[in-house]
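Worksheet for the structure shown next.
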Amino acid sequence: MKDIDDSKAPLLDHLIELRGRLLKCVYALFITGAICFYFSEQLFAILVHPLKEAFGDGGGRLVYTKLYEAFFVQVKIAVFGAFCLSFPIIANQLWAFVAPGLYAKEKKALLPFIIATPFLFAMGASLAYFVVMPTAFHFFLEFQGNSSGLQVEALPSADAYLGLVMQFILAFGISFLMPVLLMLLNRAGFVSRAQLIGLRRYMIVAAFILAAVLTPPDVVSQLMLAIPLLALYEITIIAIWFTDRKQAKELAATEAADAAG
């Protein structure tokens with residue numbers, strides 16, 4: 001029984017296959033982008049819902065500061081939606097291209113991480129949308145009121161608001177992929193559980209620095225990203241402990257079988 005797929009195709013065949021898979025990725029982006037552009041108003045209504053809730057019954061409004069801004073907001077929504085919708089297709093094409101060159105054990109080790117990636121990204125994006133953004137927007141809007149006889153009112157532009165929402169979703173979604181990265185580094189032998197435990201104090205500092213860079217400059221948003229990152233770091237250490245135990249048992253069983261044989 002062969003442990004690796006037969007793949008003796010010349011370089012040109014591999015390049016042709018790569019070209020075909022890249023074209024499929026481009027087609028997926030264009031098709032999902034066109035669909036998202038058609039439904040851009042509905043998608044924008046979903047993205048603007050946390051701000052609407054933060055404004056409350058008093059209303060609130062979004063403004064356009066440039067004549068072409070409304071169109072480009074729709075384009076950005078289409079691009080953002082296309083990226084999110086087509087990501088599973090792109091990941092599948094990447095896996096289909098790489099998998100034939102991997103050993104069976106490598107496939108078995110990598111596949112769970114590929115499957116976990118979109119789920120972890122969705123978890124981070126959901127935390128941003130349902131918890132972080134409403135809390136942050138309520139905090140930002142508290143600065144409205146009267147100052148020295150002048151009315152202070154929040155009038156966010158649609159483009160600036162969309163940029164802020166995308167920043168929140170991408171920051172939390174990508175940050176939640178940290179366990180996948182650390183587990184892959186552990187499987188590759190670049191980092192051990194003991195090293196991760198030793199780096200814990202530095203991770204605390206790194207988490208708050210990363211949160212300060214990726215989120216708006218307010219304490220609320222930074223804490224809401226830094227704390228889950230630290231929790232995910234600890235969960236990763238526990239997960240590595242379980243995988244190390246499993247590997248140790250499998251190694252012991254293999255050695256026992258060899259000794260018995």
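Residue numbers start at 1 in each chain; chains themselves are named A, B, ... in the order of the structure tokens; ligands are numbered from 1 in the order shown.
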Please run DSSP on the backbone and report, as an NGL selection string, all residues within segment 28-192 of chain A that come out as helix (DSSP H, G or I). :A and (28-38 or 40-58 or 69-101 or 104-141 or 158-175 or 178-187)
Quick one: everything within 7 Å of segment 47-64 of chain A, counting only C-alpha atoms, minus sequence neighbours fewer than 5 positions away in the same chain. Send it as an mmCIF file with N, CA, C and O atoms, in the first residue's frame.
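around09.cif was written with the following content:
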```cif
data_model
loop_
_atom_site.group_PDB
_atom_site.id
_atom_site.type_symbol
_atom_site.label_atom_id
_atom_site.label_comp_id
_atom_site.auth_asym_id
_atom_site.auth_seq_id
_atom_site.Cartn_x
_atom_site.Cartn_y
_atom_site.Cartn_z
ATOM 1 N N GLU A 69 -19.323 58.237 -3.381
ATOM 2 C CA GLU A 69 -19.102 57.390 -2.213
ATOM 3 C C GLU A 69 -20.108 56.252 -2.129
ATOM 4 O O GLU A 69 -19.758 55.116 -1.788
ATOM 5 N N ALA A 70 -21.379 56.515 -2.468
ATOM 6 C CA ALA A 70 -22.410 55.490 -2.368
ATOM 7 C C ALA A 70 -22.088 54.298 -3.260
ATOM 8 O O ALA A 70 -22.259 53.134 -2.863
ATOM 9 N N MET A 133 -19.012 45.216 18.459
ATOM 10 C CA MET A 133 -19.463 46.425 17.763
ATOM 11 C C MET A 133 -20.606 47.134 18.492
ATOM 12 O O MET A 133 -20.549 48.361 18.658
ATOM 13 N N PRO A 134 -21.657 46.428 18.938
ATOM 14 C CA PRO A 134 -22.698 47.148 19.694
ATOM 15 C C PRO A 134 -22.156 47.844 20.936
ATOM 16 O O PRO A 134 -22.531 48.985 21.231
ATOM 17 N N PHE A 137 -19.969 50.859 19.802
ATOM 18 C CA PHE A 137 -20.759 51.950 19.238
ATOM 19 C C PHE A 137 -21.535 52.692 20.320
ATOM 20 O O PHE A 137 -21.664 53.921 20.269
ATOM 21 N N HIS A 138 -22.052 51.965 21.295
ATOM 22 C CA HIS A 138 -22.704 52.629 22.431
ATOM 23 C C HIS A 138 -21.707 53.538 23.152
ATOM 24 O O HIS A 138 -22.048 54.662 23.550
ATOM 25 N N LEU A 155 -22.168 62.115 13.087
ATOM 26 C CA LEU A 155 -22.627 62.001 11.707
ATOM 27 C C LEU A 155 -21.610 61.181 10.916
ATOM 28 O O LEU A 155 -20.858 61.716 10.096
ATOM 29 N N PRO A 156 -21.558 59.892 11.154
ATOM 30 C CA PRO A 156 -20.568 59.062 10.451
ATOM 31 C C PRO A 156 -20.891 58.951 8.968
ATOM 32 O O PRO A 156 -22.066 58.902 8.586
ATOM 33 N N SER A 157 -19.859 58.921 8.159
ATOM 34 C CA SER A 157 -20.066 58.687 6.727
ATOM 35 C C SER A 157 -20.198 57.189 6.484
ATOM 36 O O SER A 157 -19.669 56.366 7.231
ATOM 37 N N ALA A 158 -20.914 56.853 5.428
ATOM 38 C CA ALA A 158 -21.143 55.438 5.114
ATOM 39 C C ALA A 158 -19.827 54.716 4.837
ATOM 40 O O ALA A 158 -19.629 53.575 5.268
#
```
Option closest in space to Met178 of chain A, from A:Glu255, A:Glu250, A:Glu234, A:Asp244 [counting only C-alpha atoms]: A:Glu234
Write out as a VMD selection string each polymer residue whose atoms come within 9 Å of Leu164 of chain A, counting only C-alpha atoms; drop sequence neighbours fewer than 5 positions from it. chain A and resid 159 169 215 to 216
Taking N, CA, C and O atoms for each residue, export the selection above as a PDB file, in the first residue's frame.
```pdb
ATOM      1  N   ASP A 159     -18.918  55.377   4.131  1.00  0.00           N
ATOM      2  CA  ASP A 159     -17.643  54.754   3.797  1.00  0.00           C
ATOM      3  C   ASP A 159     -16.795  54.529   5.044  1.00  0.00           C
ATOM      4  O   ASP A 159     -16.201  53.462   5.221  1.00  0.00           O
ATOM      5  N   ILE A 169     -14.468  43.088  11.918  1.00  0.00           N
ATOM      6  CA  ILE A 169     -14.734  41.699  11.529  1.00  0.00           C
ATOM      7  C   ILE A 169     -13.440  40.984  11.137  1.00  0.00           C
ATOM      8  O   ILE A 169     -13.175  39.850  11.565  1.00  0.00           O
ATOM      9  N   THR A 215      -7.651  47.206  16.454  1.00  0.00           N
ATOM     10  CA  THR A 215      -8.954  47.771  16.787  1.00  0.00           C
ATOM     11  C   THR A 215      -8.855  49.289  16.919  1.00  0.00           C
ATOM     12  O   THR A 215      -7.753  49.838  17.008  1.00  0.00           O
ATOM     13  N   PRO A 216     -10.013  49.971  16.931  1.00  0.00           N
ATOM     14  CA  PRO A 216      -9.994  51.425  17.149  1.00  0.00           C
ATOM     15  C   PRO A 216      -9.351  51.757  18.490  1.00  0.00           C
ATOM     16  O   PRO A 216      -9.307  50.914  19.396  1.00  0.00           O
TER      17      PRO A 216
END
```
Go through A:Val219, A:Asn186, A:Thr254, A:Leu230 and flag the residue nearest Ala206 of chain A, using only C-alpha atoms for the distances.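 Distance minimum relative to Ala206 of chain A lands on A:Leu230.
Running DSSP on the backbone gives strand (DSSP E) for these residues within segment 82-189 of chain A: Gly145, Asn146, Ser147, Leu150, Gln151 and Val152 of chain A.
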Preceding selection exported with N, CA, C and O atoms as a short mmCIF file (atom, residue, chain, number, x, y, z; two decimals), in the first residue's frame:
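What follows is the written file result34.cif:
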```cif
data_model
loop_
_atom_site.label_atom_id
_atom_site.label_comp_id
_atom_site.auth_asym_id
_atom_site.auth_seq_id
_atom_site.Cartn_x
_atom_site.Cartn_y
_atom_site.Cartn_z
N GLY A 145 -23.99 65.17 22.66
CA GLY A 145 -24.61 65.99 23.68
C GLY A 145 -24.41 67.47 23.40
O GLY A 145 -24.29 67.89 22.24
N ASN A 146 -24.37 68.24 24.47
CA ASN A 146 -24.23 69.68 24.36
C ASN A 146 -22.91 70.10 24.98
O ASN A 146 -22.59 69.73 26.10
N SER A 147 -22.12 70.85 24.22
CA SER A 147 -20.82 71.32 24.71
C SER A 147 -20.71 72.82 24.47
O SER A 147 -20.69 73.28 23.33
N LEU A 150 -23.14 74.26 22.16
CA LEU A 150 -23.16 73.69 20.81
C LEU A 150 -23.57 72.23 20.87
O LEU A 150 -23.15 71.50 21.76
N GLN A 151 -24.40 71.84 19.91
CA GLN A 151 -24.85 70.47 19.84
C GLN A 151 -23.77 69.59 19.20
O GLN A 151 -23.31 69.86 18.09
N VAL A 152 -23.34 68.57 19.93
CA VAL A 152 -22.35 67.63 19.42
C VAL A 152 -23.09 66.38 18.96
O VAL A 152 -23.72 65.68 19.75
#
```
Mind checking which residues fall within 7 Å of segment 220-223 of chain A, counting only C-alpha atoms, ignoring those fewer than 4 positions away in the same chain, and posting them as a compact mmCIF listing (two decimals) with all heavy atoms, in the first residue's frame?
```txt
# COMPACT_ATOMS: atom_id res chain seq x y z
N VAL A 132 -18.95 42.95 20.27
CA VAL A 132 -17.97 44.04 20.33
C VAL A 132 -18.49 45.31 19.68
O VAL A 132 -18.42 46.39 20.28
CB VAL A 132 -16.64 43.60 19.67
CG1 VAL A 132 -15.63 44.74 19.71
CG2 VAL A 132 -16.09 42.37 20.37
N ALA A 136 -19.00 48.83 21.50
CA ALA A 136 -18.13 49.94 21.12
C ALA A 136 -18.93 51.12 20.59
O ALA A 136 -18.64 52.28 20.92
CB ALA A 136 -17.13 49.46 20.06
N PHE A 208 -2.18 42.45 23.88
CA PHE A 208 -2.66 43.82 24.05
C PHE A 208 -2.08 44.75 22.97
O PHE A 208 -2.75 45.67 22.53
CB PHE A 208 -2.32 44.34 25.45
CG PHE A 208 -3.26 43.84 26.50
CD1 PHE A 208 -2.98 42.71 27.24
CD2 PHE A 208 -4.46 44.50 26.74
CE1 PHE A 208 -3.86 42.24 28.21
CE2 PHE A 208 -5.35 44.04 27.70
CZ PHE A 208 -5.05 42.90 28.44
N ALA A 211 -4.11 43.93 19.86
CA ALA A 211 -5.44 44.51 19.99
C ALA A 211 -5.41 46.02 19.77
O ALA A 211 -6.32 46.59 19.15
CB ALA A 211 -6.02 44.20 21.36
N ALA A 212 -4.36 46.67 20.25
CA ALA A 212 -4.24 48.12 20.06
C ALA A 212 -4.03 48.49 18.60
O ALA A 212 -4.49 49.53 18.13
CB ALA A 212 -3.09 48.66 20.91
N THR A 215 -7.65 47.21 16.45
CA THR A 215 -8.95 47.77 16.79
C THR A 215 -8.86 49.29 16.92
O THR A 215 -7.75 49.84 17.01
CB THR A 215 -9.48 47.18 18.11
OG1 THR A 215 -8.57 47.54 19.18
CG2 THR A 215 -9.59 45.68 18.03
N PRO A 216 -10.01 49.97 16.93
CA PRO A 216 -9.99 51.42 17.15
C PRO A 216 -9.35 51.76 18.49
O PRO A 216 -9.31 50.91 19.40
CB PRO A 216 -11.49 51.79 17.15
CG PRO A 216 -12.13 50.72 16.34
CD PRO A 216 -11.36 49.46 16.64
N ILE A 227 -8.59 39.81 25.53
CA ILE A 227 -9.01 38.76 26.46
C ILE A 227 -9.34 37.45 25.74
O ILE A 227 -8.86 36.38 26.14
CB ILE A 227 -10.19 39.24 27.33
CG1 ILE A 227 -9.71 40.36 28.26
CG2 ILE A 227 -10.78 38.08 28.14
CD1 ILE A 227 -10.81 41.01 29.08
```
Close residues, Gly163 of chain A itself excluded, 10 Å, only C-alpha atoms, min 6 positions apart in chain, as a ChimeraX atom specification: /A:73,76-77,157
Would you please work out which residue, of A:Ile197, A:Ala253, A:Glu41, A:Leu110, is nearest to Leu185 of chain A when using only C-alpha atoms? A:Leu110
